[in-house]
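K.L.:
Following this message is one structure expressed as structure tokens.
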Amino acid sequence: MSSDQHHHEESFIQKYIFSVDHKTIGLQYGITSLLFLLFGFGLMMVMRWQLAYPETPVPIVGWLLGETGILLPEIYNSLGAMHGTIMIFLGVVPLAVGAFGNYMVPLQIGAPDMAFPRLNAASYWSYFIGGVIMLSSFFMPEGAARSGWTSYPPLSIFESGQTIWLIGMVFLITSSLLGSMNIIVTIVQLRAPGLSWWRLPLFVWTQFVTSFLLVLAFPPLEAAAILQLMDRVAHTSFFLPSGLVYAGATVDVAGSGSPLLWQHLFWFLAHPEVYVLILPAMGIVGEVLANNTRKPLWGYSSMVYASVFLGFMSFIVWAHHMFLTGMGTAMSAFFQTTTMIISIPSVVILTSFFISLWGGRIRFNTPMLFALSFLPMFGIGGLTGLPLGIGASDIHLHDTYYVIGHFHYVVAPGTIFALFAGIYYWFPKITGRKMSEALGKLHFWPSLIFMNGIFMPMFIQGLAGVSRRMYDGGEIYAHAQDVLQWNEFMSISAFLLGAAQVPFIINILISIFNGEKADRNPWQATTIEWSAPSPPVPHLNFEGDVEVYRGPYEYSVPDAETDFLPQTEK
Amino acid sequence: MQIPYTIEERPETGLNNSKLGIWVFLASEVMLFGGLFSAYVFLRLAAPEGDFAYWGSKLNVPLATLNTLVLISSSVTVIMSWASLKLKDFEKYKLYMGLTLLCATIFLVIKYFEYTSKFHHGYYPSSSNFMAIYFTLTGLHGLHIIGGMIVMTYFWLPAGNKLWHTDPEHFTNRIEIAGLYWHFVDLVWIFLFPILYLL
């Protein structure tokens with residue numbers, strides 16, 4: 001970076017495409033990941049049509065699925081695998097860490113940019129290439145991956161489409177590694193003078209812990225992906241046991257590999273990944289709650305300690321996904337115990353949020369509604385996880401719709417609602433205009449109702465023993481007959497949830513140009529990003545030097561003239 | 001725009017941005033190779049009795065010992081190149097960096113002969129789990145060597161080292177960072193050598 005860079009005019013490509021400004025890259029991440037979220041949701045709607053109205057032509061997009069317009073089992077499996085992959089690796093994580101992390105972390109710590117601006121751009125473009133590879137797999141002769149987002153061998157070694165999935169994942173993993181390295185260094189090195197660790201907003205803390213999880217948990221998945229790629233391309237047998245029979249014939253490989261090895265390596269990433277999904281969401285909720293209750297977050301330091309402890313613990317709970325693999329009761333006992341322990345910090349954080357509401361003067365604006373609904377929704381998601389963490393009850397619930405209901409409550413009305421809260425909350429900072437409150441509420445209420453309409457019946461189906469990943473939704477099983485009627489209810493909820501996103505899209509498009517103008521601090525907030533102009537100065541963020549004098553949430557301080565004291569004010 | 005602490009150290013951490021960055025990156029690399037090493041342990045425990053030892057005896061220990069010496073020498077020369085910059089001796093830097101690149105090339109040439117001799121005898125990754133993990137681990141390590149060579153060649157050529165003439169401290173820092181990475185790649189080999197060739 002030469003210091004004279006902002007003296008000459010930047011070309012269109014430098015400014016908007018291959019920009020090194022963290023704000024542009026954050027927006028690129030945000031737009032791309034929102035489009036992927038919409039696309040991944042679309043895949044799910046096609047699947048839900050098949051579950052509600054089995055083997056009838058799919059409306060609107062049916063012509064893409066072949067002559068009959070009926071969703072075939074192979075494509076159903078592809079859509080399932082790609083829905084998971086896209087939602088997690090191309091949707092939620094890039095939105096939470098790539099978009100919000102990139103845009104807000106430097107602003108919240110009073111820095112001019114990320115520590116490594118060019119690495120930052122490389123991270124986005126690596127993500128973009130990974131996304132293109134994943135999307136293009138639908139059009140390849142082999143088709144998209146169809147072994148589930150977990151890609152368990154031996155199935156994933158023999159099923160078509162998996163190689164391209166693995167190559168796409170390598171790009172996505174690289175992107176996450178570069179991005180999270182950058183966030184860690186930025187937070188450690190670039191905090192403005194006076195901004196000590198205990199003055200950091202909760203959001204910055206959660207991004208910090210999240211980045212450590214990404215840096216340390218993703219490489220083992222990369223290792224596993226390399227091994228699986230070797231199994232597919234070089235015909236090794238890392239994951240293939242001796243004497244394996246596939247399609248009626250013994251597989252001709254050296255053998256003595258182990259499918260369990262994949263599961264260990266995979267879940268060593270994928271359990272911390274759960275906390276990668278939830279921690280930034282908690283950070284956003286913390287920001288919005290403090291601002292709209294007009295009082296400091298209750299138990300700020302306990303929440304910070306809880307986040308860090310959550311990060312540590314998330315590395316030693318992975319095998320609770322594997323109780324049914326026959327890995328042994330001693331292993332199960334250990335991982336049950338750690339799983340019960342890890343629920344404690346989550347409860348600490350959630351309880352602190354609830355107590356933070358106590359005695360507040362709550363403003364029910366759109367970001368606050370989303371943040372408030374996060375609390376019970378994440379609560380349901382978390383509590384329904386406990387029976388899955390205990391071996392005895394997991395035997396019954398494993399691989400049923402109960403599991404689907406559980407983790408979707410954590411991620412969909414949990415994390416995604418928090419991300420919506422973040423979008424409504426920070427939109428004025430990014431564009432200089434507020435989003436419409438009326439359209440926002442029209443987005444919120446139907447979303448809340450239909451989210452529950454989709455996921456609540458999954459618990460009922462799962463408790464009745466209906467397996468996940470079934471093309472016919474369990475139609476051929478006698479034990480599923482009593483709960484099958486919920487399929488149509490869930491599918492209609494899903495279509496209506498899709499319709500409920502229309503006001504959100506309209507709201508964004510209209511508000512960019514015609515929204516109510518916002519000054520630099522429209523929410524009367526305390527954290528540092530609100531002392532920058534809206535939108536912040538390109539390549540500099542702040543007009544002058546930033547100096548920090550107080551903690552992150554000094555709301556309603558007795559004897560103060562206003563009910564909020566910004567961190568940058570003496 | 002100037003990012004703070006690109007060259008100078010932040011007082012309370014005692015690090016500049018790049019140095020902290022490379023340490024975080026190396027932590028992730030530890031996890032990458034750690035994942036593969038644990039796969040090695042897992043497969044070795046699951047393998048039939050004596051299987052790993054049998055296939056391990058097919059490897060060429062003298063060549064690998066030579067390669068270990070070559071790689072350790074390159075770690076020494078890369079330090080010397082950084083030390084030369086600290087002493088403001090740019091010609092010595094070019095010499096030692098050139099020697100490092102030479103060692104890296106020798107390493108890859110020896111590795112090439114090892115690989116082709118395996119293929120010549122009909123040993124492929126698909127021959128056994130030992131051969132599979134051998135080719136995977138040494139192949140990935142080889143890619144790390146090539147990656148390091150690309151970066152160091154850039155710093156060795158005039159296009160990359162012109163920064164020395166405008167901002168010597170910045171350039172010296174870059175060589176230090178590249179050196180840290182190079183030591184890590186060397187260290188991985190120090191682990192690979194015994195578990196693959198000697199055990």
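As shown in the structure tokens, the chain order sets the letters A, B, ...; within each chain, residues go from 1, and ligands are also counted from 1 in the order they appear.
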Skipping near chain neighbours, those fewer than 2 positions away, what residues fall within 10 Å of Thr77 of chain B using only C-alpha atoms, listed as a PyMOL selection string?
P.N.:
chain B and resi 71-75+79-83+93+95-101+103+179
K.L.:
I need the chain B residues near chain A as a list in words; criterion: at most 7 Å, counting only C-alpha atoms.
P.N.:
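Going by the stated atoms only, the list reads Met1, Gln2, Ile3, Pro4, Arg10, Asn17, Leu20, Gly21, Val24, Phe25, Ser28, Met31, Leu32, Gly35, Leu36, Ala39, Leu43, Ala47, Pro125, Ser126, Ser127, Ser128, Asn129 and Ala132 of chain B.
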K.L.:
Excluding segment 108-123 of chain B and any residue of its chain fewer than 3 positions from it, enumerate the residues within 10 Å of it, using only C-alpha atoms, and give them as a list in words.
P.N.:
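These residues fall inside the cut-off: Trp55, Lys58, Leu59, Asn60, Leu63, Ala64, Leu66, Asn67, Leu102, Cys103, Ala104, Thr105, Ser126, Ser127, Ser128, Met131, Ala132, Phe135, Thr138, Gly139, Gly142, Leu143, Ile145 and Ile146 of chain B.
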K.L.:
For Ala27 of chain B, which residue out of B:Ser57, B:Leu192, B:Phe184, B:Leu137 is the nearest one, using only C-alpha atoms?
P.N.:
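Looking only at the distances to Ala27 of chain B, the closest residue turns out to be B:Phe184.
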K.L.:
Which residues in segment 183-353 of chain A does DSSP call strand (DSSP E or B)? List them as a list in words.
P.N.:
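Put together, the selection reads Val245, Tyr246, Ala249 and Thr250 of chain A.
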